[in-house]
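Have a look at the structure below before the remarks.
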Amino acid sequence: MQVPLLDLKIQYKALKNELDEALIRVAESQYFILGPEVESMEKDFCDYLNVKHSLGVSSGTDALLLALMAIGIKPGDEVIVPTFSFFATAGVVSRLNAVPVLTDIDPVTMNMDPNDIEKKITPRTKAIIPVHLYGQSTDMDPIMKIANKHKLIVIEDAAQAIGTQYKDGRMVGTIGHIGCFSFFPSKNLGCFGDGGLVVTNDDKLWDNLYIMRVHGAKPKYYHKVIGGNFRIDAIQAAVIKVKLPHLDNWSGGRRKNAETYTRLFKDRGLAQEEGRTSFDNMNKVLLPKAVYKDKAQKVKNYHIYNQYIIRVQQRDELRDFLGSQKIGTEIYYPVPFHVQECFADLGYKNGEFPVSESVAESTIALPIYPELSEEQLTYVVDKIKEFYTKID
Ligand SMILES: Cc1ncc(COP(=O)(O)O)c(C=O)c1O
């Protein structure tokens, strides 16, 4: 038995005819950058996300960078970001010579802790970037409240969360002022290279985003502002257009796999109580708490499981063991921003963000892609059980 972390070939095989046709259509058109494929994809996203404007861009990282440029971030401005995310969330801030100001995360969702934001606001603060990490919505209500109170822009890093619904039914990425998505191949909706999307309901921001995607030119060769080359290829747009109608099904498949994992971990006596944030001695695995229900037991928050993340003890030893059993895993992410070498000049110290530090030491991503069989999921959980039985 083998369980790779991700196997994209299965998805390609299932859609091969349509995808190959789309690639050939672009080849025959010889229209490679922006153009009708991209415009058509953008329209599809306006409908899918229920948002006024959407703009295909060159990557999720460029989506964030473009968003910061479009809101006029200048050197010395401060942007509040969680210390625990993929590097791009903070990297784009520093690339504009602005300052990433870090918050800790919530121990259950591993998303930005809204209680840690307000105390970080200074007269130089311009924006907040909450990240919907692993495909689960951040608690946006308190963040929007703080942002409105202090007149800050909210840029949602929804790179891992395309199709995730917030508890009120809105799609994440459409709640703040600008939403940013990634089509990196390992995302729930991945293209055949790099690609991304920016969305907004704000006409003024849209104007800035639109012209800054092509070096700030309007009309062509007359540059109002300095932008960049943030264009997406027609090939990527054509691929995404084929895949988008399948996205909710795939995310549903991931959710079903997550439910199976939960059941198996519980059956084998490995799981801590739901929502627990620290380990007791007996049970070894903290499961993701993914769906919130209100008092009427109505589901309020869907997770799309771009990653299925559990927290475990003896993480690195477990990972080595699973590797030896042909089970693919990954650590997202081993080092929070405040202890990254490149951010040493921000002046943070180890110990300053205890939740992020403890999460970074204990998270492990298990295979979750929709085409996994129950047999494979069972094999993964049985091997985890075997590991802990051996070392006990
Ligand atoms: C949270 C987060 N932000 C930003 C990005 C950047 O996206 P891309 O890899 O498309 O540049 C990613 C992608 O891995 C991500 O996971």
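Letters A, B, ... mark the chains of the structure tokens in the order given; residue numbers begin at 1 per chain; ligand numbers begin at 1, in order shown.
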
**OP:** Identify, counting only C-alpha atoms and all ligand atoms, the protein, DNA and RNA residues located within 8 Å of ligand 1, and give them as a PyMOL selection string.
**Re:** chain A and resi 58-64+85-89+131-134+157-160+181-184+187+194-196

Subject >> strand (DSSP E) per DSSP on the backbone: members of range 125-340 of chain A, as a list in words >> reply: Thr125, Lys126, Ala127, Ile128, Ile153, Val154, Ile155, Glu156, Asp157, Ile178, Gly179, Cys180, Phe181, Ser182, Gly196, Leu197, Val198, Val199, Thr200, Val285, Leu286, Tyr308, Ile309, Ile310, Arg311 and Val312 of chain A

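Compared by their closest atoms to Lys266 in chain A, and using only C-alpha atoms, the residues A:His223, A:Lys385, A:Arg254, A:Lys145 rank with A:Lys385 nearest.
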
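Minimum atom-to-atom distances from A:Ile143, A:Leu189, A:Ile129, A:Ile162 to Pro114 in chain A were compared using only C-alpha atoms, and the lowest value belongs to A:Ile143.
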
Subject >> DSSP helix (DSSP H, G or I) selection over range 146-389 of chain A, as a ChimeraX atom specification >> reply: /A:146-150,203-212,234-267,315-324,337-339,341-346,354-362,374-389

Print the selection's residues with C-alpha atoms to a file, as a short mmCIF file (atom, residue, chain, number, x, y, z; two decimals), in the first residue's frame.
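For reference, part_24.cif as written:
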```cif
data_model
loop_
_atom_site.label_atom_id
_atom_site.label_comp_id
_atom_site.auth_asym_id
_atom_site.auth_seq_id
_atom_site.Cartn_x
_atom_site.Cartn_y
_atom_site.Cartn_z
CA ILE A 146 -11.53 46.30 14.24
CA ALA A 147 -10.66 47.28 10.67
CA ASN A 148 -13.73 49.51 10.36
CA LYS A 149 -13.08 51.13 13.73
CA HIS A 150 -9.47 52.00 12.78
CA ASP A 203 -14.80 49.93 -7.89
CA LYS A 204 -11.93 52.25 -6.95
CA LEU A 205 -9.70 49.42 -5.74
CA TRP A 206 -10.62 47.48 -8.86
CA ASP A 207 -9.36 50.33 -11.08
CA ASN A 208 -6.02 50.29 -9.27
CA LEU A 209 -5.73 46.49 -9.40
CA TYR A 210 -6.64 46.41 -13.08
CA ILE A 211 -4.06 48.90 -14.26
CA MET A 212 -1.34 47.77 -11.87
CA ALA A 234 -4.47 31.98 -21.21
CA ILE A 235 -3.45 28.32 -20.72
CA GLN A 236 -3.89 28.61 -16.95
CA ALA A 237 -7.25 30.33 -17.36
CA ALA A 238 -8.45 27.65 -19.79
CA VAL A 239 -7.45 24.88 -17.35
CA ILE A 240 -9.14 26.62 -14.42
CA LYS A 241 -12.33 27.06 -16.44
CA VAL A 242 -12.51 23.30 -16.98
CA LYS A 243 -11.86 22.54 -13.32
CA LEU A 244 -14.00 25.16 -11.57
CA PRO A 245 -17.33 23.31 -12.05
CA HIS A 246 -15.80 20.33 -10.19
CA LEU A 247 -14.37 22.28 -7.28
CA ASP A 248 -17.24 21.89 -4.82
CA ASN A 249 -17.38 18.15 -5.48
CA TRP A 250 -13.67 17.77 -4.87
CA SER A 251 -13.86 19.80 -1.68
CA GLY A 252 -16.79 17.64 -0.62
CA GLY A 253 -14.64 14.56 -1.21
CA ARG A 254 -11.91 16.02 0.97
CA ARG A 255 -14.49 16.78 3.68
CA LYS A 256 -15.75 13.20 3.52
CA ASN A 257 -12.20 11.90 3.88
CA ALA A 258 -11.70 14.17 6.88
CA GLU A 259 -14.83 12.71 8.48
CA THR A 260 -13.49 9.22 7.84
CA TYR A 261 -10.18 10.12 9.47
CA THR A 262 -12.02 11.51 12.49
CA ARG A 263 -14.03 8.32 12.86
CA LEU A 264 -10.97 6.11 12.47
CA PHE A 265 -8.88 8.11 14.94
CA LYS A 266 -11.70 7.95 17.46
CA ASP A 267 -12.30 4.21 16.89
CA ARG A 315 5.95 14.60 15.25
CA ASP A 316 9.30 14.21 13.48
CA GLU A 317 9.70 10.57 14.53
CA LEU A 318 6.14 9.85 13.40
CA ARG A 319 6.82 11.52 10.06
CA ASP A 320 9.95 9.39 9.51
CA PHE A 321 7.99 6.25 10.36
CA LEU A 322 5.12 7.11 8.01
CA GLY A 323 7.64 7.85 5.25
CA SER A 324 9.15 4.39 5.75
CA PHE A 337 7.73 34.27 10.73
CA HIS A 338 9.00 35.79 14.00
CA VAL A 339 11.82 33.25 14.15
CA GLU A 341 16.22 34.36 9.76
CA CYS A 342 15.14 36.87 7.11
CA PHE A 343 12.83 38.62 9.60
CA ALA A 344 15.42 38.93 12.40
CA ASP A 345 15.44 42.72 11.97
CA LEU A 346 11.76 42.88 12.94
CA PRO A 354 3.51 30.60 22.15
CA VAL A 355 0.54 29.17 20.26
CA SER A 356 2.26 29.45 16.87
CA GLU A 357 5.44 27.96 18.28
CA SER A 358 3.68 24.97 19.78
CA VAL A 359 1.64 24.44 16.60
CA ALA A 360 4.77 24.64 14.42
CA GLU A 361 6.32 21.85 16.50
CA SER A 362 3.34 19.53 16.35
CA GLU A 374 -11.19 4.28 2.61
CA GLU A 375 -8.59 1.51 2.57
CA GLN A 376 -5.82 4.05 2.17
CA LEU A 377 -7.19 6.28 4.93
CA THR A 378 -7.45 3.25 7.21
CA TYR A 379 -3.86 2.29 6.40
CA VAL A 380 -2.66 5.78 7.41
CA VAL A 381 -4.49 5.71 10.74
CA ASP A 382 -3.42 2.13 11.47
CA LYS A 383 0.20 3.05 10.86
CA ILE A 384 -0.11 6.02 13.21
CA LYS A 385 -1.59 3.67 15.81
CA GLU A 386 1.28 1.24 15.23
CA PHE A 387 3.83 4.01 15.76
CA TYR A 388 2.39 5.07 19.11
CA THR A 389 1.88 1.48 20.26
#
```

**OP:** Would you list the contacts of Ile10 in chain A as a PyMOL selection string, taking every protein, DNA or RNA residue within 10 Å and counting only C-alpha atoms, but skipping same-chain residues closer than 5 positions in sequence?
**Re:** chain A and resi 15-16+370-372

Create the file for the chosen residues now, containing N, CA, C and O atoms and written as an mmCIF file, in the first residue's frame.
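Writing done, so here's out_21.cif:
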```cif
data_model
loop_
_atom_site.group_PDB
_atom_site.id
_atom_site.type_symbol
_atom_site.label_atom_id
_atom_site.label_comp_id
_atom_site.auth_asym_id
_atom_site.auth_seq_id
_atom_site.Cartn_x
_atom_site.Cartn_y
_atom_site.Cartn_z
ATOM 1 N N LEU A 15 -10.387 14.176 -16.245
ATOM 2 C CA LEU A 15 -10.819 15.328 -17.060
ATOM 3 C C LEU A 15 -9.982 15.482 -18.321
ATOM 4 O O LEU A 15 -9.985 16.548 -18.953
ATOM 5 N N LYS A 16 -9.245 14.415 -18.662
ATOM 6 C CA LYS A 16 -8.237 14.521 -19.733
ATOM 7 C C LYS A 16 -8.807 15.104 -21.031
ATOM 8 O O LYS A 16 -8.215 16.031 -21.595
ATOM 9 N N PRO A 370 -9.264 14.050 -2.794
ATOM 10 C CA PRO A 370 -10.594 13.430 -2.833
ATOM 11 C C PRO A 370 -10.622 11.990 -3.327
ATOM 12 O O PRO A 370 -11.521 11.227 -2.969
ATOM 13 N N GLU A 371 -9.660 11.596 -4.146
ATOM 14 C CA GLU A 371 -9.738 10.258 -4.761
ATOM 15 C C GLU A 371 -9.184 9.160 -3.850
ATOM 16 O O GLU A 371 -9.147 7.986 -4.243
ATOM 17 N N LEU A 372 -8.745 9.487 -2.642
ATOM 18 C CA LEU A 372 -8.227 8.452 -1.731
ATOM 19 C C LEU A 372 -9.322 7.452 -1.382
ATOM 20 O O LEU A 372 -10.487 7.821 -1.225
#
```

**OP:** Go through A:Arg25, A:Thr363, A:Lys120, A:Met140 and flag the residue nearest Val335 in chain A, using only C-alpha atoms for the distances.
**Re:** A:Thr363

**OP:** Find the residues near Glu330 in chain A: any atom within 10 Å, counting only C-alpha atoms, skip ones fewer than 6 places away on the same chain, and give them as a PyMOL selection string.
**Re:** chain A and resi 5+307+309+319+363-367

I need the residues from that last selection saved to file as a PDB file, in the first residue's frame (with N, CA, C and O atoms), if you can.
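As a result, out_38.pdb now contains:
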```pdb
ATOM      1  N   LEU A   5       1.092  12.017  -0.575  1.00  0.00           N
ATOM      2  CA  LEU A   5       0.421  13.196  -0.007  1.00  0.00           C
ATOM      3  C   LEU A   5      -0.589  13.755  -1.006  1.00  0.00           C
ATOM      4  O   LEU A   5      -1.667  14.208  -0.631  1.00  0.00           O
ATOM      5  N   GLN A 307      -5.580  21.319   3.217  1.00  0.00           N
ATOM      6  CA  GLN A 307      -4.712  20.408   3.971  1.00  0.00           C
ATOM      7  C   GLN A 307      -5.495  19.840   5.141  1.00  0.00           C
ATOM      8  O   GLN A 307      -6.291  20.548   5.761  1.00  0.00           O
ATOM      9  N   ILE A 309      -4.801  18.755   8.663  1.00  0.00           N
ATOM     10  CA  ILE A 309      -3.698  18.939   9.603  1.00  0.00           C
ATOM     11  C   ILE A 309      -4.083  18.394  10.964  1.00  0.00           C
ATOM     12  O   ILE A 309      -5.097  18.801  11.542  1.00  0.00           O
ATOM     13  N   ARG A 319       6.713  11.225  11.497  1.00  0.00           N
ATOM     14  CA  ARG A 319       6.819  11.515  10.061  1.00  0.00           C
ATOM     15  C   ARG A 319       7.821  10.561   9.391  1.00  0.00           C
ATOM     16  O   ARG A 319       7.561  10.038   8.306  1.00  0.00           O
ATOM     17  N   THR A 363       2.413  20.126  14.143  1.00  0.00           N
ATOM     18  CA  THR A 363       1.492  19.853  13.026  1.00  0.00           C
ATOM     19  C   THR A 363       2.100  18.877  12.027  1.00  0.00           C
ATOM     20  O   THR A 363       3.301  18.891  11.774  1.00  0.00           O
ATOM     21  N   ILE A 364       1.212  18.102  11.437  1.00  0.00           N
ATOM     22  CA  ILE A 364       1.621  17.236  10.328  1.00  0.00           C
ATOM     23  C   ILE A 364       0.419  17.118   9.382  1.00  0.00           C
ATOM     24  O   ILE A 364      -0.719  16.967   9.826  1.00  0.00           O
ATOM     25  N   ALA A 365       0.689  17.258   8.087  1.00  0.00           N
ATOM     26  CA  ALA A 365      -0.387  17.153   7.082  1.00  0.00           C
ATOM     27  C   ALA A 365      -0.444  15.716   6.586  1.00  0.00           C
ATOM     28  O   ALA A 365       0.582  15.139   6.209  1.00  0.00           O
ATOM     29  N   LEU A 366      -1.647  15.157   6.586  1.00  0.00           N
ATOM     30  CA  LEU A 366      -1.860  13.788   6.075  1.00  0.00           C
ATOM     31  C   LEU A 366      -2.507  13.857   4.692  1.00  0.00           C
ATOM     32  O   LEU A 366      -3.177  14.836   4.369  1.00  0.00           O
ATOM     33  N   PRO A 367      -2.365  12.804   3.895  1.00  0.00           N
ATOM     34  CA  PRO A 367      -3.013  12.792   2.570  1.00  0.00           C
ATOM     35  C   PRO A 367      -4.523  12.974   2.718  1.00  0.00           C
ATOM     36  O   PRO A 367      -5.141  12.324   3.574  1.00  0.00           O
TER      37      PRO A 367
END
```

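With distances restricted to only C-alpha atoms, A:Thr125 is the closest residue to Gly76 in chain A from A:Val108, A:Thr125, A:Val38, A:Leu49.
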
Subject >> Nearby residues (only C-alpha atoms) at most 12 Å from Lys9 in chain A, same-chain spacing under 2 positions excluded, as a VMD selection string >> reply: chain A and resid 4 6 to 7 11 to 16 185 to 186 192 369 371
